[in-house]
Amino acid sequence: MFDYNFHWRPVFRSLPDLIGAGLTTLEVAVLSMIIGTLIGLGLALIRMNMRGPAYWFATTWVELARNTPALLQLFFFGFGLGAVGILLSPYTIVLAALSFNCAGYLAENFRGGFQAIPDTQLRAARSMGMTNWQAYTRIIIPQVFRIVYHPLTNQMVWAVLMSSLGMLVGFRELSGETQALASRTFRIFEYFAVTAIIYYVIVKIILGASRLLAARLFRY
Amino acid sequence: MEPTATFFSGFQLNDLWFLAQAAWRTLVISVLSISVGTLLGIIFGWMLYEGKLWATLTLAPILDAFRSVPLLIQLVLFFNFAPIIGLNLDPFMSGLVILSIYCAALVANVARGGMQAVELSMRRAARSLGMSYWQDLRYVVLPIGGRAVFPSWVGVALGVMKDSALVSVLGYVELLRASQILTTRTQEPLLILAIVGLFYFALSYPVSRYAASLEKRWAS
């Protein structure tokens with residue numbers, strides 16, 4: 001029954017490549033989180049404060065991002081836009097699709113966070129003579145940040161996991177690199193096993209860092 | 001008139017039927033894996049909640065691994081691992097097994113959260129009234145805890161439905177794979193991706209709306 005010989009040597013030999021690719025994964029995930037957070041914040045504010053076309057645009061974005069598979073979104077940015085002449089590099093495709101997806105999910109988190117802050121706080125800040133901008137950046141958003149911190153961490157983990165889909169559009173992040181190496185040696189199981197462990201470690205590092213940061217940020 | 005040989009043909013009406021069949025397959029694998037995963041997840045969640053030490057030492061890290069490794073990697077890994085131990089699984093079975101375990105790992109957390117949401121005093125009261133342990137679980141914990149976490153369970157289920165798109169990587173012709181096959185023939189990726197996106201949207205959006213409205217009604 002068990003006549004398969006494991007060959008780990010080629011995997012270990014290409015471990016530096018895999019770890020380098022892991023850093024690419026992390027880079028894409030972090031960048032898409034930053035872009036996604038900014039857009040998501042904008043979408044949440046638009047959905048709460050505006051009417052008309054802007055509201056519908058933001059709502060459509062959020063619902064599309066949340067109700068279709070991430071892989072479909074990735075294919076849209078890759079093959080869909082490619083068909084109408086917008087040719088993006090694999091890096092840009094993955095970054096765009098991940099940002100689109102993260103923005104949609106984060107917008108809902110932010111909206112929940114904003115709704116948890118009583119209206120009276122904004123009014124109190126305004127009557128103290130703060131401008132709208134000051135009231136938001138100094139009173140509202142710091143409190144919202146505290147509420148959405150945990151969901152943000154989760155989304156960061158999701159971004160890392162989702163970036164593995166880059167493999168399917170030819171992006172050489174951790175999964176793509178693994179696939180390329182595995183198809184050269186046909187040690188598919190061994191390569192992907194090691195990759196799984198690398199992903200696990202990355203996720204654990206993110207969660208640990210987030211916990212440390214939380215202890216530092218939310219001392220009071 | 002010279003007959004021109006062409007490999008590509010336009011999008012036809014019976015392609016829509018092809019997509020509908022693929023959507024049915026997406027639905028089948030989703031419903032099966034969500035059902036099995038939920039059942040397993042509730043059992044795991046109960047084990048995490050009740051069995052203190054041994055569960056946290058053995059079960060928790062395993063479930064955690066399934067949540068920290070990208071589903072795509074899990075699928076590829078399992079699909080290549082099954083033949084090693086002498087199992088000959090077709091893409092559908094491999095996808096079903098991994099999706100179910102993945103779903104179970106996510107549901108386990110939700111289920112444990114639900115059990116923790118039931119106040120201990122409530123359960124003690126149930127036991128004092130003469131209910132057995134299982135009666136207490138069935139008639140007290142299930143309705144109260146289930147209600148508390150129902151929205152997050154819907155979120156997990158829809159997530160698994162969308163993630164079932166990844167099974168296409170193994171060669172199971174579900175919705176996304178069908179869209180790729182059609183794209184290769186018709187060279188109209190934007191149109192087909194839009195139709196497929198609409199299919200997913202039509203599956204996911206009503207359910208998430210319904211869950212949101214239920215949540216609102218139960219909260220009041």
# chains A, B, ... in the order shown; residues from 1 in each chain; ligands from 1
>>> interface_residues(of="chain B", to="chain A", cutoff="6 Å", atoms="only C-alpha atoms", output="ChimeraX atom specification")
/B:68-70,77,80,84-86,162,189-190,200-201,204-205
>>> residues_around(residues="B:Met47", least_positions_apart="4", cutoff="12 Å", atoms="only C-alpha atoms", output="PyMOL selection string")
chain B and resi 40-43+51-60+63+108-109+111-112+115
>>> select_by_dssp(residues="stretch 54-200 of chain A", states="alpha helix (DSSP H)", output="mmCIF file with N, CA and C atoms, in the first residue's frame")
data_model
loop_
_atom_site.group_PDB
_atom_site.id
_atom_site.type_symbol
_atom_site.label_atom_id
_atom_site.label_comp_id
_atom_site.auth_asym_id
_atom_site.auth_seq_id
_atom_site.Cartn_x
_atom_site.Cartn_y
_atom_site.Cartn_z
ATOM 1 N N ALA A 54 -23.068 57.975 -5.909
ATOM 2 C CA ALA A 54 -21.928 57.591 -5.087
ATOM 3 C C ALA A 54 -22.308 56.426 -4.177
ATOM 4 N N TYR A 55 -23.508 56.503 -3.591
ATOM 5 C CA TYR A 55 -23.972 55.441 -2.702
ATOM 6 C C TYR A 55 -24.086 54.126 -3.462
ATOM 7 N N TRP A 56 -24.667 54.210 -4.675
ATOM 8 C CA TRP A 56 -24.869 52.978 -5.437
ATOM 9 C C TRP A 56 -23.551 52.386 -5.884
ATOM 10 N N PHE A 57 -22.620 53.258 -6.241
ATOM 11 C CA PHE A 57 -21.296 52.775 -6.628
ATOM 12 C C PHE A 57 -20.659 51.997 -5.473
ATOM 13 N N ALA A 58 -20.666 52.612 -4.288
ATOM 14 C CA ALA A 58 -20.022 51.976 -3.129
ATOM 15 C C ALA A 58 -20.732 50.678 -2.763
ATOM 16 N N THR A 59 -22.078 50.710 -2.796
ATOM 17 C CA THR A 59 -22.828 49.513 -2.435
ATOM 18 C C THR A 59 -22.554 48.382 -3.420
ATOM 19 N N THR A 60 -22.520 48.722 -4.713
ATOM 20 C CA THR A 60 -22.242 47.704 -5.719
ATOM 21 C C THR A 60 -20.872 47.085 -5.494
ATOM 22 N N TRP A 61 -19.907 47.929 -5.230
ATOM 23 C CA TRP A 61 -18.542 47.431 -4.970
ATOM 24 C C TRP A 61 -18.561 46.433 -3.809
ATOM 25 N N VAL A 62 -19.162 46.875 -2.703
ATOM 26 C CA VAL A 62 -19.132 46.032 -1.502
ATOM 27 C C VAL A 62 -19.845 44.712 -1.757
ATOM 28 N N GLU A 63 -21.031 44.778 -2.367
ATOM 29 C CA GLU A 63 -21.797 43.540 -2.554
ATOM 30 C C GLU A 63 -21.120 42.607 -3.563
ATOM 31 N N LEU A 64 -20.541 43.191 -4.613
ATOM 32 C CA LEU A 64 -19.839 42.340 -5.575
ATOM 33 C C LEU A 64 -18.639 41.670 -4.930
ATOM 34 N N ALA A 65 -17.888 42.436 -4.155
ATOM 35 C CA ALA A 65 -16.692 41.873 -3.541
ATOM 36 C C ALA A 65 -17.046 40.778 -2.554
ATOM 37 N N ARG A 66 -18.186 40.930 -1.866
ATOM 38 C CA ARG A 66 -18.529 39.976 -0.812
ATOM 39 C C ARG A 66 -19.282 38.767 -1.332
ATOM 40 N N ASN A 67 -19.933 38.896 -2.479
ATOM 41 C CA ASN A 67 -20.818 37.817 -2.914
ATOM 42 C C ASN A 67 -20.323 37.030 -4.121
ATOM 43 N N ALA A 70 -13.362 34.994 -4.649
ATOM 44 C CA ALA A 70 -12.152 35.785 -4.877
ATOM 45 C C ALA A 70 -11.466 35.357 -6.172
ATOM 46 N N LEU A 71 -11.571 34.058 -6.466
ATOM 47 C CA LEU A 71 -10.917 33.547 -7.677
ATOM 48 C C LEU A 71 -11.539 34.162 -8.927
ATOM 49 N N LEU A 72 -12.858 34.333 -8.890
ATOM 50 C CA LEU A 72 -13.550 34.958 -10.020
ATOM 51 C C LEU A 72 -13.078 36.402 -10.190
ATOM 52 N N GLN A 73 -12.937 37.106 -9.060
ATOM 53 C CA GLN A 73 -12.466 38.485 -9.133
ATOM 54 C C GLN A 73 -11.063 38.539 -9.724
ATOM 55 N N LEU A 74 -10.260 37.583 -9.313
ATOM 56 C CA LEU A 74 -8.887 37.519 -9.838
ATOM 57 C C LEU A 74 -8.902 37.293 -11.346
ATOM 58 N N PHE A 75 -9.739 36.367 -11.792
ATOM 59 C CA PHE A 75 -9.832 36.103 -13.232
ATOM 60 C C PHE A 75 -10.345 37.316 -13.971
ATOM 61 N N LEU A 81 -10.040 41.812 -17.990
ATOM 62 C CA LEU A 81 -9.486 43.086 -18.446
ATOM 63 C C LEU A 81 -8.505 42.866 -19.588
ATOM 64 N N GLY A 82 -7.836 41.712 -19.575
ATOM 65 C CA GLY A 82 -6.905 41.424 -20.663
ATOM 66 C C GLY A 82 -7.615 41.380 -22.009
ATOM 67 N N ALA A 83 -8.874 40.918 -22.004
ATOM 68 C CA ALA A 83 -9.603 40.777 -23.263
ATOM 69 C C ALA A 83 -9.956 42.124 -23.872
ATOM 70 N N PRO A 90 1.178 40.002 -13.711
ATOM 71 C CA PRO A 90 0.590 39.144 -12.676
ATOM 72 C C PRO A 90 0.597 39.813 -11.296
ATOM 73 N N TYR A 91 1.653 40.523 -11.001
ATOM 74 C CA TYR A 91 1.741 41.200 -9.702
ATOM 75 C C TYR A 91 0.585 42.172 -9.535
ATOM 76 N N THR A 92 0.369 43.005 -10.584
ATOM 77 C CA THR A 92 -0.697 44.002 -10.511
ATOM 78 C C THR A 92 -2.065 43.342 -10.438
ATOM 79 N N ILE A 93 -2.229 42.240 -11.188
ATOM 80 C CA ILE A 93 -3.517 41.545 -11.166
ATOM 81 C C ILE A 93 -3.854 41.103 -9.748
ATOM 82 N N VAL A 94 -2.882 40.431 -9.115
ATOM 83 C CA VAL A 94 -3.135 39.916 -7.771
ATOM 84 C C VAL A 94 -3.362 41.064 -6.806
ATOM 85 N N LEU A 95 -2.533 42.105 -6.927
ATOM 86 C CA LEU A 95 -2.668 43.244 -6.020
ATOM 87 C C LEU A 95 -4.035 43.900 -6.194
ATOM 88 N N ALA A 96 -4.454 44.099 -7.444
ATOM 89 C CA ALA A 96 -5.733 44.757 -7.706
ATOM 90 C C ALA A 96 -6.886 43.906 -7.177
ATOM 91 N N ALA A 97 -6.848 42.612 -7.479
ATOM 92 C CA ALA A 97 -7.952 41.753 -7.061
ATOM 93 C C ALA A 97 -8.024 41.664 -5.541
ATOM 94 N N LEU A 98 -6.884 41.514 -4.893
ATOM 95 C CA LEU A 98 -6.877 41.426 -3.431
ATOM 96 C C LEU A 98 -7.359 42.725 -2.817
ATOM 97 N N SER A 99 -6.926 43.864 -3.367
ATOM 98 C CA SER A 99 -7.345 45.147 -2.821
ATOM 99 C C SER A 99 -8.849 45.317 -2.988
ATOM 100 N N PHE A 100 -9.338 44.954 -4.172
ATOM 101 C CA PHE A 100 -10.777 45.041 -4.431
ATOM 102 C C PHE A 100 -11.544 44.228 -3.399
ATOM 103 N N ASN A 101 -11.087 42.992 -3.189
ATOM 104 C CA ASN A 101 -11.772 42.099 -2.258
ATOM 105 C C ASN A 101 -11.695 42.618 -0.823
ATOM 106 N N CYS A 102 -10.481 42.987 -0.397
ATOM 107 C CA CYS A 102 -10.302 43.466 0.975
ATOM 108 C C CYS A 102 -11.124 44.718 1.218
ATOM 109 N N ALA A 103 -11.149 45.630 0.233
ATOM 110 C CA ALA A 103 -11.890 46.880 0.408
ATOM 111 C C ALA A 103 -13.356 46.576 0.679
ATOM 112 N N GLY A 104 -13.914 45.610 -0.074
ATOM 113 C CA GLY A 104 -15.318 45.268 0.112
ATOM 114 C C GLY A 104 -15.598 44.732 1.500
ATOM 115 N N TYR A 105 -14.759 43.802 1.954
ATOM 116 C CA TYR A 105 -14.988 43.209 3.278
ATOM 117 C C TYR A 105 -14.740 44.226 4.384
ATOM 118 N N LEU A 106 -13.666 45.017 4.232
ATOM 119 C CA LEU A 106 -13.324 45.968 5.280
ATOM 120 C C LEU A 106 -14.357 47.080 5.373
ATOM 121 N N ALA A 107 -14.958 47.453 4.224
ATOM 122 C CA ALA A 107 -15.965 48.515 4.252
ATOM 123 C C ALA A 107 -17.079 48.142 5.218
ATOM 124 N N GLU A 108 -17.506 46.863 5.174
ATOM 125 C CA GLU A 108 -18.571 46.435 6.078
ATOM 126 C C GLU A 108 -18.102 46.459 7.531
ATOM 127 N N ASN A 109 -16.845 46.058 7.757
ATOM 128 C CA ASN A 109 -16.319 46.109 9.122
ATOM 129 C C ASN A 109 -16.298 47.541 9.640
ATOM 130 N N PHE A 110 -15.817 48.444 8.772
ATOM 131 C CA PHE A 110 -15.738 49.843 9.182
ATOM 132 C C PHE A 110 -17.127 50.406 9.449
ATOM 133 N N ARG A 111 -18.088 50.019 8.601
ATOM 134 C CA ARG A 111 -19.437 50.528 8.791
ATOM 135 C C ARG A 111 -19.979 50.092 10.149
ATOM 136 N N GLY A 112 -19.729 48.807 10.491
ATOM 137 C CA GLY A 112 -20.136 48.339 11.806
ATOM 138 C C GLY A 112 -19.459 49.127 12.905
ATOM 139 N N GLY A 113 -18.153 49.419 12.707
ATOM 140 C CA GLY A 113 -17.405 50.170 13.707
ATOM 141 C C GLY A 113 -17.955 51.571 13.883
ATOM 142 N N PHE A 114 -18.257 52.235 12.756
ATOM 143 C CA PHE A 114 -18.778 53.607 12.840
ATOM 144 C C PHE A 114 -20.131 53.628 13.525
ATOM 145 N N GLN A 115 -20.933 52.591 13.236
ATOM 146 C CA GLN A 115 -22.271 52.588 13.820
ATOM 147 C C GLN A 115 -22.238 52.309 15.315
ATOM 148 N N ALA A 116 -21.128 51.743 15.783
ATOM 149 C CA ALA A 116 -21.026 51.465 17.214
ATOM 150 C C ALA A 116 -20.693 52.733 17.998
ATOM 151 N N ASP A 119 -23.797 58.873 17.750
ATOM 152 C CA ASP A 119 -23.806 60.123 16.982
ATOM 153 C C ASP A 119 -23.388 61.312 17.835
ATOM 154 N N THR A 120 -23.779 61.249 19.102
ATOM 155 C CA THR A 120 -23.581 62.410 19.979
ATOM 156 C C THR A 120 -22.108 62.782 20.082
ATOM 157 N N GLN A 121 -21.223 61.801 19.889
ATOM 158 C CA GLN A 121 -19.792 62.113 19.993
ATOM 159 C C GLN A 121 -19.368 63.087 18.925
ATOM 160 N N LEU A 122 -19.861 62.823 17.700
ATOM 161 C CA LEU A 122 -19.520 63.722 16.598
ATOM 162 C C LEU A 122 -20.076 65.116 16.882
ATOM 163 N N ARG A 123 -21.325 65.154 17.361
ATOM 164 C CA ARG A 123 -21.944 66.456 17.615
ATOM 165 C C ARG A 123 -21.216 67.180 18.734
ATOM 166 N N ALA A 124 -20.840 66.455 19.761
ATOM 167 C CA ALA A 124 -20.107 67.081 20.870
ATOM 168 C C ALA A 124 -18.795 67.655 20.367
ATOM 169 N N ALA A 125 -18.087 66.875 19.533
ATOM 170 C CA ALA A 125 -16.801 67.349 19.014
ATOM 171 C C ALA A 125 -16.999 68.602 18.172
ATOM 172 N N ARG A 126 -18.072 68.585 17.353
ATOM 173 C CA ARG A 126 -18.328 69.753 16.515
ATOM 174 C C ARG A 126 -18.660 70.964 17.364
ATOM 175 N N SER A 127 -19.413 70.770 18.435
ATOM 176 C CA SER A 127 -19.770 71.941 19.232
ATOM 177 C C SER A 127 -18.606 72.435 20.076
ATOM 178 N N ASN A 132 -15.075 69.196 10.912
ATOM 179 C CA ASN A 132 -15.512 67.833 10.645
ATOM 180 C C ASN A 132 -14.309 66.899 10.558
ATOM 181 N N TRP A 133 -13.276 67.365 9.845
ATOM 182 C CA TRP A 133 -12.056 66.572 9.654
ATOM 183 C C TRP A 133 -11.421 66.242 10.995
ATOM 184 N N GLN A 134 -11.296 67.285 11.848
ATOM 185 C CA GLN A 134 -10.689 67.072 13.168
ATOM 186 C C GLN A 134 -11.511 66.079 13.980
ATOM 187 N N ILE A 141 -12.389 58.144 14.427
ATOM 188 C CA ILE A 141 -11.597 57.064 13.829
ATOM 189 C C ILE A 141 -10.734 56.308 14.854
ATOM 190 N N PRO A 142 -10.115 56.983 15.837
ATOM 191 C CA PRO A 142 -9.383 56.193 16.832
ATOM 192 C C PRO A 142 -10.248 55.164 17.550
ATOM 193 N N GLN A 143 -11.502 55.539 17.824
ATOM 194 C CA GLN A 143 -12.386 54.570 18.495
ATOM 195 C C GLN A 143 -12.797 53.456 17.555
ATOM 196 N N VAL A 144 -13.065 53.845 16.288
ATOM 197 C CA VAL A 144 -13.438 52.827 15.308
ATOM 198 C C VAL A 144 -12.285 51.845 15.127
ATOM 199 N N PHE A 145 -11.085 52.383 15.081
ATOM 200 C CA PHE A 145 -9.908 51.537 14.883
ATOM 201 C C PHE A 145 -9.826 50.464 15.957
ATOM 202 N N ARG A 146 -10.129 50.869 17.181
ATOM 203 C CA ARG A 146 -10.088 49.909 18.275
ATOM 204 C C ARG A 146 -11.100 48.789 18.054
ATOM 205 N N ILE A 147 -12.277 49.150 17.533
ATOM 206 C CA ILE A 147 -13.319 48.142 17.315
ATOM 207 C C ILE A 147 -12.940 47.222 16.152
ATOM 208 N N VAL A 148 -12.396 47.810 15.082
ATOM 209 C CA VAL A 148 -12.147 46.976 13.895
ATOM 210 C C VAL A 148 -10.753 46.348 13.917
ATOM 211 N N TYR A 149 -10.008 46.543 14.989
ATOM 212 C CA TYR A 149 -8.641 46.018 14.998
ATOM 213 C C TYR A 149 -8.622 44.499 14.794
ATOM 214 N N HIS A 150 -9.489 43.824 15.512
ATOM 215 C CA HIS A 150 -9.497 42.369 15.397
ATOM 216 C C HIS A 150 -9.929 41.895 14.003
ATOM 217 N N PRO A 151 -11.040 42.428 13.466
ATOM 218 C CA PRO A 151 -11.386 42.082 12.082
ATOM 219 C C PRO A 151 -10.288 42.426 11.085
ATOM 220 N N LEU A 152 -9.584 43.527 11.312
ATOM 221 C CA LEU A 152 -8.479 43.888 10.416
ATOM 222 C C LEU A 152 -7.411 42.806 10.414
ATOM 223 N N THR A 153 -7.084 42.307 11.606
ATOM 224 C CA THR A 153 -6.108 41.226 11.698
ATOM 225 C C THR A 153 -6.559 40.011 10.924
ATOM 226 N N ASN A 154 -7.853 39.663 11.115
ATOM 227 C CA ASN A 154 -8.387 38.513 10.392
ATOM 228 C C ASN A 154 -8.290 38.710 8.894
ATOM 229 N N GLN A 155 -8.615 39.938 8.461
ATOM 230 C CA GLN A 155 -8.585 40.211 7.031
ATOM 231 C C GLN A 155 -7.170 40.102 6.488
ATOM 232 N N MET A 156 -6.205 40.508 7.336
ATOM 233 C CA MET A 156 -4.800 40.394 6.923
ATOM 234 C C MET A 156 -4.441 38.923 6.683
ATOM 235 N N VAL A 157 -4.903 38.061 7.592
ATOM 236 C CA VAL A 157 -4.658 36.626 7.413
ATOM 237 C C VAL A 157 -5.325 36.134 6.137
ATOM 238 N N TRP A 158 -6.578 36.591 5.918
ATOM 239 C CA TRP A 158 -7.276 36.200 4.696
ATOM 240 C C TRP A 158 -6.503 36.642 3.473
ATOM 241 N N ALA A 159 -5.949 37.867 3.535
ATOM 242 C CA ALA A 159 -5.217 38.387 2.375
ATOM 243 C C ALA A 159 -4.046 37.476 2.048
ATOM 244 N N VAL A 160 -3.339 37.015 3.084
ATOM 245 C CA VAL A 160 -2.214 36.105 2.847
ATOM 246 C C VAL A 160 -2.712 34.813 2.206
ATOM 247 N N LEU A 161 -3.810 34.269 2.768
ATOM 248 C CA LEU A 161 -4.314 33.005 2.248
ATOM 249 C C LEU A 161 -4.827 33.170 0.820
ATOM 250 N N MET A 162 -5.496 34.305 0.575
ATOM 251 C CA MET A 162 -6.059 34.528 -0.759
ATOM 252 C C MET A 162 -4.980 34.746 -1.805
ATOM 253 N N LEU A 174 4.414 32.623 -3.172
ATOM 254 C CA LEU A 174 4.757 31.348 -2.542
ATOM 255 C C LEU A 174 4.144 30.147 -3.274
ATOM 256 N N SER A 175 2.834 30.216 -3.556
ATOM 257 C CA SER A 175 2.208 29.066 -4.233
ATOM 258 C C SER A 175 2.690 28.918 -5.659
ATOM 259 N N GLY A 176 2.768 30.046 -6.372
ATOM 260 C CA GLY A 176 3.195 29.986 -7.758
ATOM 261 C C GLY A 176 4.604 29.444 -7.888
ATOM 262 N N GLU A 177 5.473 29.921 -6.995
ATOM 263 C CA GLU A 177 6.852 29.447 -6.993
ATOM 264 C C GLU A 177 6.895 27.946 -6.703
ATOM 265 N N THR A 178 6.073 27.542 -5.728
ATOM 266 C CA THR A 178 6.030 26.127 -5.379
ATOM 267 C C THR A 178 5.605 25.283 -6.564
ATOM 268 N N GLN A 179 4.572 25.763 -7.248
ATOM 269 C CA GLN A 179 4.077 25.006 -8.394
ATOM 270 C C GLN A 179 5.149 24.901 -9.476
ATOM 271 N N ALA A 180 5.837 26.028 -9.708
ATOM 272 C CA ALA A 180 6.879 26.024 -10.742
ATOM 273 C C ALA A 180 7.977 25.031 -10.378
ATOM 274 N N LEU A 181 8.399 25.065 -9.108
ATOM 275 C CA LEU A 181 9.457 24.155 -8.676
ATOM 276 C C LEU A 181 8.972 22.708 -8.695
ATOM 277 N N ALA A 182 7.714 22.516 -8.256
ATOM 278 C CA ALA A 182 7.201 21.150 -8.162
ATOM 279 C C ALA A 182 7.064 20.532 -9.546
ATOM 280 N N SER A 183 6.659 21.349 -10.516
ATOM 281 C CA SER A 183 6.480 20.778 -11.852
ATOM 282 C C SER A 183 7.827 20.488 -12.504
ATOM 283 N N ARG A 184 8.882 21.048 -11.937
ATOM 284 C CA ARG A 184 10.196 20.746 -12.503
ATOM 285 C C ARG A 184 10.704 19.407 -11.977
ATOM 286 N N THR A 185 10.313 19.062 -10.730
ATOM 287 C CA THR A 185 10.854 17.844 -10.123
ATOM 288 C C THR A 185 9.800 16.759 -9.926
ATOM 289 N N ILE A 188 5.447 16.888 -6.124
ATOM 290 C CA ILE A 188 4.373 17.845 -5.835
ATOM 291 C C ILE A 188 4.000 17.823 -4.363
ATOM 292 N N PHE A 189 3.835 16.599 -3.831
ATOM 293 C CA PHE A 189 3.391 16.517 -2.440
ATOM 294 C C PHE A 189 4.407 17.138 -1.493
ATOM 295 N N GLU A 190 5.679 16.810 -1.689
ATOM 296 C CA GLU A 190 6.694 17.311 -0.773
ATOM 297 C C GLU A 190 6.762 18.833 -0.812
ATOM 298 N N TYR A 191 6.762 19.381 -2.046
ATOM 299 C CA TYR A 191 6.841 20.837 -2.167
ATOM 300 C C TYR A 191 5.661 21.518 -1.478
ATOM 301 N N PHE A 192 4.452 21.000 -1.777
ATOM 302 C CA PHE A 192 3.295 21.684 -1.220
ATOM 303 C C PHE A 192 3.188 21.482 0.286
ATOM 304 N N ALA A 193 3.711 20.386 0.792
ATOM 305 C CA ALA A 193 3.712 20.193 2.243
ATOM 306 C C ALA A 193 4.569 21.260 2.912
ATOM 307 N N VAL A 194 5.753 21.496 2.340
ATOM 308 C CA VAL A 194 6.629 22.509 2.921
ATOM 309 C C VAL A 194 5.996 23.891 2.790
ATOM 310 N N THR A 195 5.361 24.143 1.642
ATOM 311 C CA THR A 195 4.689 25.428 1.448
ATOM 312 C C THR A 195 3.582 25.635 2.469
ATOM 313 N N ALA A 196 2.840 24.570 2.740
ATOM 314 C CA ALA A 196 1.777 24.666 3.737
ATOM 315 C C ALA A 196 2.361 25.096 5.076
ATOM 316 N N ILE A 197 3.520 24.517 5.421
ATOM 317 C CA ILE A 197 4.144 24.875 6.698
ATOM 318 C C ILE A 197 4.574 26.338 6.684
ATOM 319 N N ILE A 198 5.112 26.792 5.539
ATOM 320 C CA ILE A 198 5.535 28.192 5.466
ATOM 321 C C ILE A 198 4.333 29.121 5.647
ATOM 322 N N TYR A 199 3.220 28.775 4.987
ATOM 323 C CA TYR A 199 2.015 29.583 5.164
ATOM 324 C C TYR A 199 1.592 29.611 6.625
ATOM 325 N N TYR A 200 1.631 28.451 7.250
ATOM 326 C CA TYR A 200 1.235 28.361 8.649
ATOM 327 C C TYR A 200 2.090 29.293 9.504
#
>>> atom_distance(atom1="atom CA of B:Ala125", atom2="atom CA of B:Val154")
29.9 Å
>>> closest_residue(among="B:Ile34, B:Ile144, B:Leu48, B:Leu129", to="B:Tyr102", atoms="only C-alpha atoms")
B:Ile34
>>> atom_distance(atom1="atom CA of A:Ala209", atom2="atom CA of B:Ala157")
29.1 Å
